[in-house]
Amino acid sequence: MGETVQAEVMMSFLVSEELSFRIPVELYYEIDDPYAVRLTFHLPGDAPVTWTFGRELLIDGVGRPSGEGDVRVEPTDSTKLDDALIRLQVGADQALFRVGIPPLLAFLDRTDKLVPLGQERALAGFDTHLDEALDRILAEEQNAG
């Protein structure tokens with residue numbers, strides 16, 4: 001198991017303009033999947049739902065509208081950078097979450113210390129070689145036994 005970075009942040013689930021409620025969201029990053037960040041939303045009365053985001057999308061979305069398709073991230077106010085909106089699209093349905101940028105940045109900073117942005121490729125390649133080496137060692141052990 002590789003190294004991981006985990007955090008829990010509170011987000012507002014914006015059901016409508018009048019209705020929103022705060023939910024805990026787990027942020028999870030692992031060295032074995034260096035391009036991705038997983039967000040697990042704990043919605044009341046529902047099983048937790050996990051979405052996988054590109055780490056770069058999350059980093060970009062803190063400063064400017066980013067993403068297309070199912071996942072969009074954008075700051076609510078690009079001058080203050082206090083909150084960001086995360087929009088998840090499932091077919092015709094969409095869910096909107098509001099999150100404080102500081103805890104998001106703290107989490108992303110920790111992922112950057114583990115795997116600096118731009119160095120994912122070297123790591124992904126290293127993992128593949130490691131897996132191939134392990135497979136060879138295991139195969140040789142079985143043949144010897």
# chains A, B, ... in the order shown; residues from 1 in each chain; ligands from 1

$ residues_around --residues "Tyr35 (chain A)" --least-positions-apart "4" --cutoff "7 Å" --atoms "only C-alpha atoms" --output "CSV table (one decimal) with C-alpha atoms, in the first residue's frame"
chain,number,residue,atom,x,y,z
A,54,GLY,CA,-8.2,15.0,-11.6
A,55,ARG,CA,-6.0,16.6,-9.0
A,120,GLU,CA,3.2,12.1,-11.6

$ residues_around --residues "Asp60 (chain A)" --least-positions-apart "4" --cutoff "12 Å" --atoms "only C-alpha atoms" --output "PyMOL selection string"
chain A and resi 53-56+64-67+72-75+78+84+101+104-105+108+117

$ write_last_selection --atoms "all heavy atoms" --output "compact mmCIF listing (two decimals), in the first residue's frame"
# COMPACT_ATOMS: atom_id res chain seq x y z
N PHE A 53 -11.71 12.83 -9.04
CA PHE A 53 -11.40 14.07 -9.74
C PHE A 53 -9.95 14.04 -10.19
O PHE A 53 -9.12 13.44 -9.51
CB PHE A 53 -11.50 15.26 -8.77
CG PHE A 53 -12.87 15.61 -8.31
CD1 PHE A 53 -13.68 14.70 -7.65
CD2 PHE A 53 -13.35 16.90 -8.50
CE1 PHE A 53 -14.94 15.06 -7.21
CE2 PHE A 53 -14.61 17.26 -8.06
CZ PHE A 53 -15.41 16.34 -7.42
N GLY A 54 -9.63 14.73 -11.27
CA GLY A 54 -8.23 14.96 -11.59
C GLY A 54 -7.68 15.95 -10.58
O GLY A 54 -8.34 16.96 -10.30
N ARG A 55 -6.53 15.67 -10.01
CA ARG A 55 -5.97 16.59 -9.00
C ARG A 55 -5.78 17.98 -9.60
O ARG A 55 -6.06 18.99 -8.95
CB ARG A 55 -4.63 16.04 -8.49
CG ARG A 55 -3.98 16.98 -7.49
CD ARG A 55 -2.81 16.38 -6.77
NE ARG A 55 -1.67 16.11 -7.64
CZ ARG A 55 -0.41 16.07 -7.19
NH1 ARG A 55 -0.15 16.24 -5.91
NH2 ARG A 55 0.57 15.81 -8.02
N GLU A 56 -5.33 18.03 -10.86
CA GLU A 56 -5.09 19.32 -11.51
C GLU A 56 -6.37 20.13 -11.66
O GLU A 56 -6.36 21.35 -11.52
CB GLU A 56 -4.45 19.08 -12.88
CG GLU A 56 -3.46 20.15 -13.24
CD GLU A 56 -2.59 19.76 -14.43
OE1 GLU A 56 -2.14 18.60 -14.50
OE2 GLU A 56 -2.38 20.64 -15.27
N ARG A 64 -9.96 29.56 -10.90
CA ARG A 64 -10.75 29.96 -12.08
C ARG A 64 -11.68 28.80 -12.45
O ARG A 64 -11.40 27.65 -12.10
CB ARG A 64 -9.84 30.31 -13.25
CG ARG A 64 -8.94 29.17 -13.67
CD ARG A 64 -8.01 29.55 -14.82
NE ARG A 64 -7.00 28.53 -15.04
CZ ARG A 64 -7.21 27.39 -15.71
NH1 ARG A 64 -8.39 27.11 -16.22
NH2 ARG A 64 -6.23 26.53 -15.87
N PRO A 65 -12.78 29.10 -13.16
CA PRO A 65 -13.69 28.00 -13.56
C PRO A 65 -12.94 26.94 -14.35
O PRO A 65 -12.21 27.27 -15.29
CB PRO A 65 -14.73 28.72 -14.44
CG PRO A 65 -14.68 30.15 -14.00
CD PRO A 65 -13.25 30.40 -13.60
N SER A 66 -13.08 25.69 -13.96
CA SER A 66 -12.34 24.59 -14.59
C SER A 66 -13.22 23.37 -14.73
O SER A 66 -14.17 23.18 -13.97
CB SER A 66 -11.12 24.23 -13.75
OG SER A 66 -10.27 25.33 -13.63
N GLY A 67 -12.84 22.54 -15.69
CA GLY A 67 -13.55 21.28 -15.88
C GLY A 67 -14.63 21.40 -16.92
O GLY A 67 -15.12 22.48 -17.22
N ARG A 72 -17.28 20.09 -12.54
CA ARG A 72 -16.80 21.47 -12.73
C ARG A 72 -16.48 22.05 -11.36
O ARG A 72 -17.20 21.83 -10.40
CB ARG A 72 -17.88 22.33 -13.40
CG ARG A 72 -18.14 21.92 -14.84
CD ARG A 72 -18.85 23.03 -15.61
NE ARG A 72 -18.97 22.66 -17.01
CZ ARG A 72 -20.06 22.09 -17.52
NH1 ARG A 72 -21.09 21.85 -16.75
NH2 ARG A 72 -20.10 21.78 -18.80
N VAL A 73 -15.40 22.82 -11.31
CA VAL A 73 -14.99 23.46 -10.07
C VAL A 73 -14.69 24.92 -10.39
O VAL A 73 -14.04 25.21 -11.38
CB VAL A 73 -13.72 22.79 -9.48
CG1 VAL A 73 -13.34 23.44 -8.15
CG2 VAL A 73 -13.93 21.29 -9.29
N GLU A 74 -15.19 25.83 -9.56
CA GLU A 74 -14.91 27.25 -9.78
C GLU A 74 -15.00 28.02 -8.48
O GLU A 74 -15.76 27.67 -7.58
CB GLU A 74 -15.87 27.84 -10.81
CG GLU A 74 -17.33 27.82 -10.39
CD GLU A 74 -18.24 28.34 -11.49
OE1 GLU A 74 -18.34 29.57 -11.61
OE2 GLU A 74 -18.84 27.52 -12.18
N PRO A 75 -14.20 29.09 -8.37
CA PRO A 75 -14.31 29.94 -7.16
C PRO A 75 -15.60 30.73 -7.22
O PRO A 75 -16.06 31.10 -8.30
CB PRO A 75 -13.09 30.85 -7.27
CG PRO A 75 -12.75 30.89 -8.72
CD PRO A 75 -13.20 29.58 -9.30
N SER A 78 -13.46 35.24 -7.58
CA SER A 78 -12.04 35.03 -7.90
C SER A 78 -11.13 36.09 -7.27
O SER A 78 -9.92 35.95 -7.31
CB SER A 78 -11.83 34.98 -9.41
OG SER A 78 -12.34 36.15 -10.00
N ALA A 84 -15.30 27.79 -3.03
CA ALA A 84 -15.38 27.26 -4.39
C ALA A 84 -16.67 26.46 -4.52
O ALA A 84 -17.19 25.94 -3.52
CB ALA A 84 -14.18 26.37 -4.70
N ILE A 101 -12.16 27.31 0.43
CA ILE A 101 -10.92 27.06 -0.30
C ILE A 101 -9.74 26.75 0.62
O ILE A 101 -8.95 25.87 0.32
CB ILE A 101 -10.63 28.23 -1.27
CG1 ILE A 101 -11.63 28.17 -2.44
CG2 ILE A 101 -9.20 28.19 -1.80
CD1 ILE A 101 -11.54 29.31 -3.43
N LEU A 104 -9.25 23.10 1.37
CA LEU A 104 -8.97 22.42 0.11
C LEU A 104 -7.49 22.62 -0.27
O LEU A 104 -6.80 21.68 -0.64
CB LEU A 104 -9.87 23.01 -0.98
CG LEU A 104 -10.37 22.12 -2.10
CD1 LEU A 104 -10.99 20.84 -1.56
CD2 LEU A 104 -11.37 22.87 -2.97
N LEU A 105 -7.02 23.87 -0.12
CA LEU A 105 -5.62 24.18 -0.42
C LEU A 105 -4.68 23.46 0.53
O LEU A 105 -3.62 22.99 0.12
CB LEU A 105 -5.38 25.69 -0.36
CG LEU A 105 -5.91 26.50 -1.54
CD1 LEU A 105 -5.62 27.98 -1.33
CD2 LEU A 105 -5.32 26.03 -2.85
N LEU A 108 -4.48 19.96 -0.77
CA LEU A 108 -3.73 19.90 -2.03
C LEU A 108 -2.25 20.15 -1.80
O LEU A 108 -1.40 19.54 -2.46
CB LEU A 108 -4.31 20.91 -3.04
CG LEU A 108 -5.69 20.54 -3.59
CD1 LEU A 108 -6.31 21.72 -4.31
CD2 LEU A 108 -5.61 19.32 -4.49
N LEU A 117 3.36 18.37 -8.24
CA LEU A 117 2.61 18.48 -9.48
C LEU A 117 3.59 18.46 -10.65
O LEU A 117 4.61 19.15 -10.62
CB LEU A 117 1.80 19.78 -9.49
CG LEU A 117 0.66 19.85 -10.49
CD1 LEU A 117 -0.39 18.79 -10.19
CD2 LEU A 117 0.02 21.22 -10.47

$ closest_residue --among "A:Glu140, A:Gln89, A:Tyr29, A:Pro102" --to "Met10 (chain A)" --atoms "only C-alpha atoms"
A:Pro102

$ select_by_dssp --residues "region 85-117 of chain A" --states "strand (DSSP E)" --output "list of chain:residue names"
A:Leu85, A:Ile86, A:Arg87, A:Leu88, A:Gln89, A:Val90, A:Asp93, A:Gln94, A:Ala95, A:Leu96, A:Phe97, A:Arg98, A:Val99, A:Gly100

$ closest_atom_pairs --of "region 70-114 of chain A" --to "region 21-26 of chain A" --cutoff "10 Å" --atoms "only C-alpha atoms" --output "Markdown table"
| residue | atom | partner | partner_atom | distance |
| --- | --- | --- | --- | --- |
| A:Phe97 | CA | A:Arg22 | CA | 9.2 |
| A:Arg98 | CA | A:Arg22 | CA | 9.2 |
| A:Val99 | CA | A:Arg22 | CA | 9.7 |

$ select_by_dssp --residues "chain A" --states "helix (DSSP H, G or I)" --output "MDAnalysis selection string"
chainID A and resid 55:63 101:114 120:144

$ residues_around --residues "Phe107 (chain A)" --least-positions-apart "3" --cutoff "8 Å" --atoms "only C-alpha atoms" --output "VMD selection string"
chain A and resid 5 to 7 27 103 to 104 110 to 111

$ closest_residue --among "A:Gln94, A:Asp70, A:Arg121, A:Gly100" --to "Asp82 (chain A)" --atoms "only C-alpha atoms"
A:Gly100

$ atom_distance --atom1 "CA of Gly91 (chain A)" --atom2 "CA of Glu18 (chain A)"
23.5 Å

$ decode --residues "region 17-94 of chain A" --atoms "C-alpha atoms" --output "short mmCIF file (atom, residue, chain, number, x, y, z; two decimals), in the first residue's frame"
data_model
loop_
_atom_site.label_atom_id
_atom_site.label_comp_id
_atom_site.auth_asym_id
_atom_site.auth_seq_id
_atom_site.Cartn_x
_atom_site.Cartn_y
_atom_site.Cartn_z
CA GLU A 17 -31.42 28.58 -3.34
CA GLU A 18 -33.35 28.27 -0.07
CA LEU A 19 -32.14 24.89 1.12
CA SER A 20 -28.63 23.70 1.87
CA PHE A 21 -27.10 21.48 4.49
CA ARG A 22 -23.57 20.80 5.63
CA ILE A 23 -22.08 17.38 5.02
CA PRO A 24 -18.69 15.84 5.75
CA VAL A 25 -16.64 15.02 2.66
CA GLU A 26 -13.53 12.85 2.80
CA LEU A 27 -10.66 13.85 0.54
CA TYR A 28 -8.30 11.04 -0.35
CA TYR A 29 -5.11 10.96 -2.41
CA GLU A 30 -2.75 8.06 -2.86
CA ILE A 31 0.69 7.82 -4.36
CA ASP A 32 -0.42 4.75 -6.38
CA ASP A 33 -2.88 6.91 -8.37
CA PRO A 34 -0.94 10.19 -8.59
CA TYR A 35 -3.24 12.04 -11.00
CA ALA A 36 -6.47 11.55 -9.05
CA VAL A 37 -8.15 12.80 -5.91
CA ARG A 38 -11.16 10.95 -4.50
CA LEU A 39 -13.98 12.78 -2.76
CA THR A 40 -16.44 10.74 -0.71
CA PHE A 41 -19.66 12.59 0.05
CA HIS A 42 -21.58 11.48 3.15
CA LEU A 43 -25.15 12.46 2.32
CA PRO A 44 -27.73 12.10 5.10
CA GLY A 45 -29.75 8.91 4.80
CA ASP A 46 -27.72 7.67 1.82
CA ALA A 47 -24.73 5.44 1.33
CA PRO A 48 -21.51 7.45 0.85
CA VAL A 49 -20.85 8.41 -2.78
CA THR A 50 -17.28 8.61 -4.11
CA TRP A 51 -16.24 10.70 -7.10
CA THR A 52 -12.77 10.72 -8.61
CA PHE A 53 -11.40 14.07 -9.74
CA GLY A 54 -8.23 14.96 -11.59
CA ARG A 55 -5.97 16.59 -9.00
CA GLU A 56 -5.09 19.32 -11.51
CA LEU A 57 -8.79 20.12 -12.02
CA LEU A 58 -9.17 20.74 -8.30
CA ILE A 59 -6.03 22.90 -8.18
CA ASP A 60 -7.13 24.95 -11.23
CA GLY A 61 -10.73 25.23 -10.02
CA VAL A 62 -9.68 27.07 -6.88
CA GLY A 63 -8.56 30.03 -8.98
CA ARG A 64 -10.75 29.96 -12.08
CA PRO A 65 -13.69 28.00 -13.56
CA SER A 66 -12.34 24.59 -14.59
CA GLY A 67 -13.55 21.28 -15.88
CA GLU A 68 -16.05 20.21 -18.44
CA GLY A 69 -18.51 17.38 -18.57
CA ASP A 70 -19.44 15.72 -15.29
CA VAL A 71 -17.26 17.70 -12.91
CA ARG A 72 -16.80 21.47 -12.73
CA VAL A 73 -14.99 23.46 -10.07
CA GLU A 74 -14.91 27.25 -9.78
CA PRO A 75 -14.31 29.94 -7.16
CA THR A 76 -17.43 31.82 -6.03
CA ASP A 77 -15.41 35.05 -6.13
CA SER A 78 -12.04 35.03 -7.90
CA THR A 79 -10.85 38.15 -6.03
CA LYS A 80 -11.39 36.77 -2.51
CA LEU A 81 -10.77 33.04 -3.07
CA ASP A 82 -12.72 32.09 0.05
CA ASP A 83 -15.17 29.51 -1.34
CA ALA A 84 -15.38 27.26 -4.39
CA LEU A 85 -18.34 25.55 -6.03
CA ILE A 86 -18.12 21.92 -7.10
CA ARG A 87 -20.78 20.88 -9.60
CA LEU A 88 -21.34 17.17 -10.28
CA GLN A 89 -23.50 16.15 -13.21
CA VAL A 90 -25.20 12.75 -13.48
CA GLY A 91 -27.35 12.62 -16.60
CA ALA A 92 -29.95 15.36 -16.23
CA ASP A 93 -29.35 15.63 -12.47
CA GLN A 94 -26.72 17.78 -10.91
#
